[in-house]
$ cat model_4.txt   # compact mmCIF, C-alpha atoms
# COMPACT_ATOMS: atom_id res chain seq x y z
CA MET A 1 23.96 0.68 -14.07
CA GLU A 2 24.53 0.98 -10.31
CA ARG A 3 21.68 2.53 -8.33
CA ASP A 4 21.58 4.42 -5.09
CA VAL A 5 19.84 2.48 -2.33
CA LYS A 6 17.74 4.07 0.36
CA LYS A 7 17.49 2.33 3.75
CA VAL A 8 14.14 2.75 5.48
CA GLU A 9 13.87 1.64 9.10
CA ILE A 10 10.45 0.60 10.34
CA GLY A 11 10.65 -0.69 13.90
CA GLU A 12 13.33 -3.38 13.86
CA THR A 13 12.97 -3.94 10.10
CA GLU A 14 15.23 -2.25 7.57
CA ILE A 15 13.88 -2.17 4.02
CA LEU A 16 16.17 -1.37 1.08
CA LEU A 17 14.73 0.55 -1.86
CA PRO A 18 16.87 1.08 -4.97
CA SER A 19 16.39 4.38 -6.73
CA SER A 20 14.93 4.36 -10.24
CA GLN A 21 15.39 7.51 -12.27
CA ASP A 22 13.72 5.74 -15.20
CA ILE A 23 10.20 6.07 -13.78
CA GLY A 24 10.31 9.13 -11.58
CA ASP A 25 12.35 7.70 -8.69
CA LEU A 26 9.27 6.01 -7.18
CA GLY A 27 11.40 3.08 -6.10
CA SER A 28 12.93 5.05 -3.26
CA ILE A 29 10.31 7.67 -2.39
CA VAL A 30 8.64 6.91 0.91
CA PHE A 31 5.63 9.08 1.45
CA PRO A 32 4.69 9.86 5.08
CA ALA A 33 1.40 7.94 4.80
CA ALA A 34 3.28 4.79 3.74
CA ARG A 35 5.75 5.12 6.60
CA PHE A 36 2.96 5.49 9.17
CA LEU A 37 0.96 2.57 7.82
CA ALA A 38 4.10 0.41 7.72
CA GLU A 39 4.90 1.38 11.33
CA TYR A 40 1.37 0.56 12.45
CA LEU A 41 1.45 -2.82 10.72
CA ALA A 42 4.89 -3.64 12.16
CA GLU A 43 3.55 -2.96 15.67
CA GLN A 44 0.41 -5.08 15.10
CA SER A 45 1.86 -7.78 12.85
CA THR A 46 1.02 -10.98 14.68
CA SER A 47 -2.54 -10.01 15.51
CA ILE A 48 -3.62 -8.68 12.12
CA LEU A 49 -1.27 -10.11 9.48
CA ASP A 50 -0.09 -13.60 10.45
CA GLY A 51 -1.58 -16.31 8.28
CA LYS A 52 -3.43 -13.80 6.11
CA LYS A 53 -3.71 -13.26 2.38
CA ILE A 54 -2.63 -9.63 1.97
CA ILE A 55 -2.67 -7.29 -1.02
CA GLU A 56 -1.16 -3.84 -1.29
CA LEU A 57 -2.84 -1.63 -3.88
CA GLY A 58 -0.86 1.10 -5.64
CA SER A 59 2.32 -0.21 -4.02
CA GLY A 60 4.72 2.39 -5.47
CA SER A 61 7.99 1.45 -3.78
CA GLY A 62 6.25 -1.46 -2.03
CA LEU A 63 7.33 -0.34 1.45
CA VAL A 64 4.04 -1.19 3.16
CA GLY A 65 3.80 -4.65 1.61
CA LEU A 66 7.50 -5.37 2.12
CA VAL A 67 7.25 -4.52 5.82
CA SER A 68 4.14 -6.71 6.09
CA ALA A 69 6.01 -9.58 4.41
CA ALA A 70 8.98 -9.08 6.73
CA VAL A 71 7.11 -8.97 10.04
CA ALA A 72 4.43 -11.62 9.49
CA ARG A 73 3.96 -15.04 7.96
CA GLY A 74 1.30 -15.02 5.27
CA THR A 75 0.90 -14.37 1.58
CA VAL A 76 1.60 -10.86 0.29
CA LEU A 77 0.80 -9.51 -3.17
CA LEU A 78 2.26 -6.15 -4.19
CA THR A 79 0.32 -4.49 -7.02
CA ASP A 80 0.63 -1.40 -9.14
CA LEU A 81 0.44 -0.41 -12.78
CA ASN A 82 2.47 -2.64 -15.12
CA ILE A 83 5.11 0.08 -15.60
CA TYR A 84 6.12 -0.34 -11.92
CA VAL A 85 6.12 -4.15 -11.74
CA SER A 86 9.83 -4.60 -12.58
CA LEU A 87 10.79 -2.01 -9.96
CA LEU A 88 8.64 -3.76 -7.34
CA GLU A 89 10.23 -7.10 -8.27
CA GLU A 90 13.67 -5.53 -7.81
CA ASN A 91 12.64 -4.19 -4.40
CA VAL A 92 11.41 -7.66 -3.38
CA LEU A 93 14.70 -9.25 -4.49
CA MET A 94 16.74 -6.65 -2.64
CA ASN A 95 14.89 -7.51 0.60
CA LYS A 96 14.48 -11.29 0.17
CA GLU A 97 16.54 -12.19 3.27
CA LYS A 98 14.14 -10.21 5.47
CA ILE A 99 10.90 -11.56 4.02
CA ARG A 100 9.05 -14.22 6.04
CA SER A 101 5.90 -14.40 3.88
CA ASP A 102 5.29 -15.75 0.43
CA ILE A 103 5.44 -12.61 -1.72
CA ARG A 104 4.53 -11.88 -5.32
CA VAL A 105 4.29 -8.84 -7.55
CA GLN A 106 1.53 -8.34 -10.10
CA GLY A 107 0.29 -5.56 -12.34
CA LEU A 108 -3.19 -4.36 -11.39
CA ASP A 109 -4.85 -1.46 -13.19
CA TRP A 110 -7.88 -0.22 -11.26
CA MET A 111 -9.52 0.86 -14.51
CA GLU A 112 -9.72 -2.81 -15.57
CA GLU A 113 -11.72 -5.71 -14.17
CA VAL A 114 -10.28 -7.55 -11.18
CA PRO A 115 -9.19 -11.04 -12.29
CA ASN A 116 -11.80 -13.68 -11.35
CA ASP A 117 -9.38 -15.64 -9.14
CA MET A 118 -8.86 -12.53 -6.98
CA ILE A 119 -12.51 -11.60 -6.41
CA GLY A 120 -13.38 -11.87 -2.72
CA SER A 121 -10.07 -13.56 -1.97
CA MET A 122 -8.21 -11.11 0.28
CA ASP A 123 -8.06 -11.12 4.07
CA VAL A 124 -6.23 -7.79 4.31
CA ILE A 125 -6.11 -4.90 1.83
CA LEU A 126 -3.43 -2.23 2.27
CA VAL A 127 -3.89 1.17 0.62
CA SER A 128 -1.45 4.01 1.20
CA ASP A 129 -1.80 7.49 -0.27
CA CYS A 130 -3.89 6.34 -3.23
CA ILE A 131 -6.70 8.91 -2.90
CA TYR A 132 -5.17 11.57 -5.08
CA TYR A 133 -6.84 11.81 -8.50
CA PRO A 134 -10.60 12.35 -8.88
CA GLU A 135 -10.77 9.89 -11.78
CA SER A 136 -9.35 7.08 -9.63
CA VAL A 137 -11.87 7.26 -6.76
CA ASP A 138 -14.57 5.06 -8.31
CA PRO A 139 -12.09 2.51 -9.71
CA LEU A 140 -10.29 2.28 -6.33
CA VAL A 141 -13.57 1.76 -4.48
CA ASN A 142 -14.56 -0.91 -7.03
CA VAL A 143 -11.24 -2.75 -6.71
CA ILE A 144 -11.37 -2.72 -2.91
CA SER A 145 -14.97 -3.97 -3.01
CA ASN A 146 -14.18 -6.71 -5.54
CA LEU A 147 -11.16 -7.99 -3.60
CA SER A 148 -13.08 -8.06 -0.31
CA ASN A 149 -15.24 -10.60 1.42
CA THR A 150 -17.29 -10.24 4.62
CA SER A 151 -14.23 -10.65 6.88
CA THR A 152 -11.70 -8.55 4.91
CA LYS A 153 -9.93 -5.77 6.79
CA VAL A 154 -8.87 -2.69 4.83
CA TYR A 155 -6.04 -0.55 6.23
CA LEU A 156 -5.83 2.81 4.53
CA SER A 157 -3.50 5.73 5.13
CA TYR A 158 -3.32 9.06 3.39
CA GLU A 159 -1.63 12.40 3.76
CA ARG A 160 -4.27 15.02 4.49
CA ARG A 161 -3.91 17.63 1.77
CA GLU A 162 -6.13 20.70 2.05
CA ASP A 163 -6.73 20.78 -1.72
CA LYS A 164 -8.01 17.17 -1.62
CA LEU A 165 -10.59 17.41 1.20
CA ASP A 166 -13.57 17.11 -1.19
CA LEU A 167 -11.92 14.11 -2.83
CA TYR A 168 -11.44 12.38 0.55
CA LYS A 169 -15.10 13.00 1.41
CA GLN A 170 -16.16 11.56 -1.95
CA PHE A 171 -14.01 8.46 -1.40
CA PHE A 172 -15.15 7.85 2.18
CA ASP A 173 -18.82 8.36 1.27
CA LYS A 174 -18.51 5.76 -1.49
CA ILE A 175 -16.45 3.23 0.47
CA SER A 176 -18.70 3.48 3.54
CA SER A 177 -21.74 2.67 1.40
CA ASN A 178 -19.98 -0.65 0.57
CA PHE A 179 -18.48 -1.38 3.98
CA GLY A 180 -20.70 0.37 6.51
CA ALA A 181 -19.02 1.82 9.57
CA LEU A 182 -15.39 2.86 9.25
CA LYS A 183 -13.00 2.86 12.19
CA LYS A 184 -10.29 5.50 12.46
CA LEU A 185 -7.22 3.88 14.00
CA PHE A 186 -5.07 6.98 14.37
CA ASP A 187 -4.52 10.51 13.16
CA ARG A 188 -0.98 11.84 13.20
CA GLU A 189 0.71 15.03 12.23
CA CYS A 190 3.83 14.35 10.24
CA SER A 191 6.49 16.06 8.22
CA SER A 192 6.84 15.27 4.53
CA LYS A 193 10.41 13.98 4.98
CA ASN A 194 11.18 10.98 2.79
$ encode --input "model_4.txt" --output "structure tokens"
Amino acid sequence: MERDVKKVEIGETEILLPSSQDIGDLGSIVFPAARFLAEYLAEQSTSILDGKKIIELGSGSGLVGLVSAAVARGTVLLTDLNIYVSLLEENVLMNKEKIRSDIRVQGLDWMEEVPNDMIGSMDVILVSDCIYYPESVDPLVNVISNLSNTSTKVYLSYERREDKLDLYKQFFDKISSNFGALKKLFDRECSSKN
């Protein structure tokens, strides 16, 4: 079966994302929050990503992690629910010529325990548009906390949705109790164009 391929340009990097009708077309959807985080990381790559162990949580299409793997030299792990792993692997293969980092794909369900070998092991955690369902707030906070150590940097982006303001407050209250002060890097208005 031949798939449509979407080209997403982030800075000087072009990422290819094959469409997957099988699982809701998530392989080619690029949400605005992912685009902005990918653009930010592409601009900052050498200072914040080079030589780092990086994980993207709730990768979806994997755009953020793929851009990170293309612009920096490090280790990148794309994660999502097991149903999306094969799609993420396909997206990695489609972009292998652009990737400079070691990159892997792994299933990671936030409702389950973080594997022991991953606890406290990440230098950089990438989270894009994952604050959406009330039942996932505590598990997401727990996963971020379990993957982190005292020097871990977490880069989070989300699309501000008026119906989710209470959920964002709940998430940020919980995450700040684990991490202390949070630093807002930027706030942009954007269209919802994929």
$ atom_distance --input "model_4.txt" --atom1 "atom CA of A:Ser101" --atom2 "atom CA of A:Gly74"
4.8 Å
$ atom_distance --input "model_4.txt" --atom1 "atom CA of A:Val124" --atom2 "atom CA of A:Tyr158"
17.1 Å
$ residues_around --input "model_4.txt" --residues "stretch 3-15 of chain A" --least-positions-apart "6" --cutoff "9 Å" --atoms "all atoms listed in the file" --output "list in words"
Gln21, Ser28, Ile29, Val30, Arg35, Ala38, Glu39, Ala42, Glu43, Leu63, Leu66, Val67, Ala70, Val71, Asn91, Met94, Asn95 and Lys98 of chain A
$ closest_residue --input "model_4.txt" --among "A:Val105, A:Val143, A:Val127, A:Ile99" --to "A:Leu87" --atoms "all atoms listed in the file"
A:Val105
$ atom_distance --input "model_4.txt" --atom1 "atom CA of A:Leu16" --atom2 "atom CA of A:Ala72"
17.7 Å
$ closest_residue --input "model_4.txt" --among "A:Thr75, A:Ser148, A:Ser136, A:Ser68" --to "A:Lys53" --atoms "all atoms listed in the file"
A:Thr75
$ closest_residue --input "model_4.txt" --among "A:Leu140, A:Ala33, A:Val85, A:Val154" --to "A:Ile54" --atoms "only C-alpha atoms"
A:Val154
$ closest_residue --input "model_4.txt" --among "A:Leu37, A:Val141, A:Ala69, A:Leu167" --to "A:Tyr155" --atoms "only C-alpha atoms"
A:Leu37
$ residues_near_point --input "model_4.txt" --point "(-15.9, 9.9, 3.1)" --cutoff "12 Å" --atoms "only C-alpha atoms" --output "PyMOL selection string"
chain A and resi 131+137+141+164-184
$ write_last_selection --input "model_4.txt" --atoms "C-alpha atoms" --output "tab-separated table (two decimals), in the frame of the given file"
chain	number	residue	atom	x	y	z
A	131	ILE	CA	-6.70	8.91	-2.90
A	137	VAL	CA	-11.87	7.26	-6.76
A	141	VAL	CA	-13.57	1.76	-4.48
A	164	LYS	CA	-8.01	17.17	-1.62
A	165	LEU	CA	-10.59	17.41	1.20
A	166	ASP	CA	-13.57	17.11	-1.19
A	167	LEU	CA	-11.92	14.11	-2.83
A	168	TYR	CA	-11.44	12.38	0.55
A	169	LYS	CA	-15.10	13.00	1.41
A	170	GLN	CA	-16.16	11.56	-1.95
A	171	PHE	CA	-14.01	8.46	-1.40
A	172	PHE	CA	-15.15	7.85	2.18
A	173	ASP	CA	-18.82	8.36	1.27
A	174	LYS	CA	-18.51	5.76	-1.49
A	175	ILE	CA	-16.45	3.23	0.47
A	176	SER	CA	-18.70	3.48	3.54
A	177	SER	CA	-21.74	2.67	1.40
A	178	ASN	CA	-19.98	-0.65	0.57
A	179	PHE	CA	-18.48	-1.38	3.98
A	180	GLY	CA	-20.70	0.37	6.51
A	181	ALA	CA	-19.02	1.82	9.57
A	182	LEU	CA	-15.39	2.86	9.25
A	183	LYS	CA	-13.00	2.86	12.19
A	184	LYS	CA	-10.29	5.50	12.46
$ axis_aligned_box --input "model_4.txt" --around "stretch 151-167 of chain A" --padding-each-side "5 Å" --output "lines of an AutoDock Vina configuration file"
center_x = -7.9
center_y = 5.1
center_z = 2.0
size_x = 22.6
size_y = 41.4
size_z = 19.7
$ residues_near_point --input "model_4.txt" --point "(-10.2, -5.7, 6.9)" --cutoff "9 Å" --atoms "all atoms listed in the file" --output "PyMOL selection string"
chain A and resi 48+122-126+148-155
$ closest_residue --input "model_4.txt" --among "A:Glu113, A:Ala34, A:Val76, A:Asp163" --to "A:Tyr133" --atoms "only C-alpha atoms"
A:Asp163
$ closest_residue --input "model_4.txt" --among "A:Leu77, A:Leu41, A:Val64, A:Cys130" --to "A:Trp110" --atoms "all atoms listed in the file"
A:Cys130
$ decode --input "model_4.txt" --residues "stretch 92-123 of chain A" --atoms "N, CA, C and O atoms" --output "PDB file, in the first residue's frame"
ATOM      1  N   VAL A  92      11.041   7.116  11.386  1.00  0.00           N
ATOM      2  CA  VAL A  92      12.500   7.143  11.574  1.00  0.00           C
ATOM      3  C   VAL A  92      13.192   6.647  10.308  1.00  0.00           C
ATOM      4  O   VAL A  92      14.132   7.277   9.804  1.00  0.00           O
ATOM      5  N   LEU A  93      12.744   5.513   9.776  1.00  0.00           N
ATOM      6  CA  LEU A  93      13.355   4.964   8.549  1.00  0.00           C
ATOM      7  C   LEU A  93      13.253   5.937   7.378  1.00  0.00           C
ATOM      8  O   LEU A  93      14.200   6.083   6.605  1.00  0.00           O
ATOM      9  N   MET A  94      12.120   6.600   7.252  1.00  0.00           N
ATOM     10  CA  MET A  94      11.926   7.519   6.144  1.00  0.00           C
ATOM     11  C   MET A  94      12.879   8.722   6.225  1.00  0.00           C
ATOM     12  O   MET A  94      13.172   9.348   5.219  1.00  0.00           O
ATOM     13  N   ASN A  95      13.373   9.022   7.421  1.00  0.00           N
ATOM     14  CA  ASN A  95      14.229  10.196   7.615  1.00  0.00           C
ATOM     15  C   ASN A  95      15.662   9.836   7.994  1.00  0.00           C
ATOM     16  O   ASN A  95      16.436  10.702   8.407  1.00  0.00           O
ATOM     17  N   LYS A  96      16.061   8.569   7.804  1.00  0.00           N
ATOM     18  CA  LYS A  96      17.358   8.097   8.304  1.00  0.00           C
ATOM     19  C   LYS A  96      18.546   8.864   7.740  1.00  0.00           C
ATOM     20  O   LYS A  96      19.545   9.031   8.423  1.00  0.00           O
ATOM     21  N   GLU A  97      18.466   9.361   6.497  1.00  0.00           N
ATOM     22  CA  GLU A  97      19.605  10.096   5.919  1.00  0.00           C
ATOM     23  C   GLU A  97      19.830  11.440   6.608  1.00  0.00           C
ATOM     24  O   GLU A  97      20.918  12.000   6.540  1.00  0.00           O
ATOM     25  N   LYS A  98      18.817  11.964   7.259  1.00  0.00           N
ATOM     26  CA  LYS A  98      18.920  13.278   7.904  1.00  0.00           C
ATOM     27  C   LYS A  98      19.351  13.183   9.368  1.00  0.00           C
ATOM     28  O   LYS A  98      19.730  14.163   9.981  1.00  0.00           O
ATOM     29  N   ILE A  99      19.243  11.995   9.940  1.00  0.00           N
ATOM     30  CA  ILE A  99      19.448  11.823  11.374  1.00  0.00           C
ATOM     31  C   ILE A  99      20.932  11.719  11.711  1.00  0.00           C
ATOM     32  O   ILE A  99      21.650  10.917  11.148  1.00  0.00           O
ATOM     33  N   ARG A 100      21.365  12.564  12.666  1.00  0.00           N
ATOM     34  CA  ARG A 100      22.758  12.596  13.113  1.00  0.00           C
ATOM     35  C   ARG A 100      22.941  11.887  14.445  1.00  0.00           C
ATOM     36  O   ARG A 100      24.051  11.562  14.837  1.00  0.00           O
ATOM     37  N   SER A 101      21.863  11.687  15.178  1.00  0.00           N
ATOM     38  CA  SER A 101      21.914  11.068  16.507  1.00  0.00           C
ATOM     39  C   SER A 101      21.616   9.581  16.420  1.00  0.00           C
ATOM     40  O   SER A 101      21.042   9.111  15.444  1.00  0.00           O
ATOM     41  N   ASP A 102      21.973   8.869  17.468  1.00  0.00           N
ATOM     42  CA  ASP A 102      21.474   7.510  17.630  1.00  0.00           C
ATOM     43  C   ASP A 102      20.000   7.665  17.994  1.00  0.00           C
ATOM     44  O   ASP A 102      19.665   8.458  18.878  1.00  0.00           O
ATOM     45  N   ILE A 103      19.128   6.931  17.324  1.00  0.00           N
ATOM     46  CA  ILE A 103      17.695   7.086  17.568  1.00  0.00           C
ATOM     47  C   ILE A 103      17.039   5.722  17.694  1.00  0.00           C
ATOM     48  O   ILE A 103      17.392   4.786  16.982  1.00  0.00           O
ATOM     49  N   ARG A 104      16.121   5.640  18.659  1.00  0.00           N
ATOM     50  CA  ARG A 104      15.351   4.418  18.876  1.00  0.00           C
ATOM     51  C   ARG A 104      13.890   4.782  19.102  1.00  0.00           C
ATOM     52  O   ARG A 104      13.564   5.923  19.437  1.00  0.00           O
ATOM     53  N   VAL A 105      13.046   3.788  18.955  1.00  0.00           N
ATOM     54  CA  VAL A 105      11.621   3.938  19.215  1.00  0.00           C
ATOM     55  C   VAL A 105      11.242   2.881  20.249  1.00  0.00           C
ATOM     56  O   VAL A 105      11.702   1.745  20.179  1.00  0.00           O
ATOM     57  N   GLN A 106      10.404   3.263  21.194  1.00  0.00           N
ATOM     58  CA  GLN A 106       9.996   2.332  22.240  1.00  0.00           C
ATOM     59  C   GLN A 106       8.583   2.675  22.708  1.00  0.00           C
ATOM     60  O   GLN A 106       8.235   3.843  22.851  1.00  0.00           O
ATOM     61  N   GLY A 107       7.795   1.645  22.977  1.00  0.00           N
ATOM     62  CA  GLY A 107       6.490   1.860  23.587  1.00  0.00           C
ATOM     63  C   GLY A 107       6.668   2.296  25.032  1.00  0.00           C
ATOM     64  O   GLY A 107       7.534   1.774  25.739  1.00  0.00           O
ATOM     65  N   LEU A 108       5.876   3.282  25.453  1.00  0.00           N
ATOM     66  CA  LEU A 108       5.913   3.737  26.845  1.00  0.00           C
ATOM     67  C   LEU A 108       4.516   4.210  27.214  1.00  0.00           C
ATOM     68  O   LEU A 108       4.041   5.232  26.725  1.00  0.00           O
ATOM     69  N   ASP A 109       3.864   3.437  28.056  1.00  0.00           N
ATOM     70  CA  ASP A 109       2.520   3.755  28.539  1.00  0.00           C
ATOM     71  C   ASP A 109       2.674   4.451  29.885  1.00  0.00           C
ATOM     72  O   ASP A 109       3.216   3.870  30.836  1.00  0.00           O
ATOM     73  N   TRP A 110       2.199   5.679  29.998  1.00  0.00           N
ATOM     74  CA  TRP A 110       2.367   6.450  31.230  1.00  0.00           C
ATOM     75  C   TRP A 110       1.619   5.841  32.408  1.00  0.00           C
ATOM     76  O   TRP A 110       1.911   6.165  33.552  1.00  0.00           O
ATOM     77  N   MET A 111       0.659   4.984  32.130  1.00  0.00           N
ATOM     78  CA  MET A 111      -0.113   4.351  33.200  1.00  0.00           C
ATOM     79  C   MET A 111       0.680   3.204  33.846  1.00  0.00           C
ATOM     80  O   MET A 111       0.275   2.678  34.878  1.00  0.00           O
ATOM     81  N   GLU A 112       1.791   2.822  33.231  1.00  0.00           N
ATOM     82  CA  GLU A 112       2.619   1.730  33.749  1.00  0.00           C
ATOM     83  C   GLU A 112       3.897   2.299  34.362  1.00  0.00           C
ATOM     84  O   GLU A 112       4.250   3.451  34.143  1.00  0.00           O
ATOM     85  N   GLU A 113       4.589   1.458  35.099  1.00  0.00           N
ATOM     86  CA  GLU A 113       5.851   1.863  35.725  1.00  0.00           C
ATOM     87  C   GLU A 113       6.915   2.134  34.654  1.00  0.00           C
ATOM     88  O   GLU A 113       6.987   1.434  33.653  1.00  0.00           O
ATOM     89  N   VAL A 114       7.739   3.141  34.889  1.00  0.00           N
ATOM     90  CA  VAL A 114       8.879   3.410  34.024  1.00  0.00           C
ATOM     91  C   VAL A 114       9.886   2.283  34.228  1.00  0.00           C
ATOM     92  O   VAL A 114      10.184   1.917  35.367  1.00  0.00           O
ATOM     93  N   PRO A 115      10.419   1.704  33.136  1.00  0.00           N
ATOM     94  CA  PRO A 115      11.418   0.644  33.292  1.00  0.00           C
ATOM     95  C   PRO A 115      12.603   1.122  34.151  1.00  0.00           C
ATOM     96  O   PRO A 115      13.033   2.278  34.049  1.00  0.00           O
ATOM     97  N   ASN A 116      13.123   0.235  34.982  1.00  0.00           N
ATOM     98  CA  ASN A 116      14.204   0.587  35.913  1.00  0.00           C
ATOM     99  C   ASN A 116      15.408   1.216  35.232  1.00  0.00           C
ATOM    100  O   ASN A 116      16.020   2.138  35.776  1.00  0.00           O
ATOM    101  N   ASP A 117      15.773   0.724  34.034  1.00  0.00           N
ATOM    102  CA  ASP A 117      16.958   1.259  33.360  1.00  0.00           C
ATOM    103  C   ASP A 117      16.757   2.682  32.834  1.00  0.00           C
ATOM    104  O   ASP A 117      17.710   3.330  32.428  1.00  0.00           O
ATOM    105  N   MET A 118      15.525   3.176  32.853  1.00  0.00           N
ATOM    106  CA  MET A 118      15.245   4.534  32.382  1.00  0.00           C
ATOM    107  C   MET A 118      15.114   5.545  33.523  1.00  0.00           C
ATOM    108  O   MET A 118      15.168   6.755  33.284  1.00  0.00           O
ATOM    109  N   ILE A 119      14.947   5.067  34.736  1.00  0.00           N
ATOM    110  CA  ILE A 119      14.720   5.975  35.869  1.00  0.00           C
ATOM    111  C   ILE A 119      15.932   6.878  36.076  1.00  0.00           C
ATOM    112  O   ILE A 119      17.069   6.418  36.170  1.00  0.00           O
ATOM    113  N   GLY A 120      15.671   8.180  36.070  1.00  0.00           N
ATOM    114  CA  GLY A 120      16.709   9.183  36.291  1.00  0.00           C
ATOM    115  C   GLY A 120      17.763   9.271  35.210  1.00  0.00           C
ATOM    116  O   GLY A 120      18.818   9.854  35.420  1.00  0.00           O
ATOM    117  N   SER A 121      17.478   8.726  34.027  1.00  0.00           N
ATOM    118  CA  SER A 121      18.530   8.587  33.013  1.00  0.00           C
ATOM    119  C   SER A 121      18.525   9.644  31.907  1.00  0.00           C
ATOM    120  O   SER A 121      19.434   9.662  31.086  1.00  0.00           O
ATOM    121  N   MET A 122      17.546  10.523  31.874  1.00  0.00           N
ATOM    122  CA  MET A 122      17.424  11.438  30.739  1.00  0.00           C
ATOM    123  C   MET A 122      18.016  12.818  31.033  1.00  0.00           C
ATOM    124  O   MET A 122      17.837  13.368  32.112  1.00  0.00           O
ATOM    125  N   ASP A 123      18.710  13.345  30.022  1.00  0.00           N
ATOM    126  CA  ASP A 123      19.227  14.719  30.114  1.00  0.00           C
ATOM    127  C   ASP A 123      18.183  15.726  29.668  1.00  0.00           C
ATOM    128  O   ASP A 123      18.105  16.836  30.194  1.00  0.00           O
TER     129      ASP A 123
END
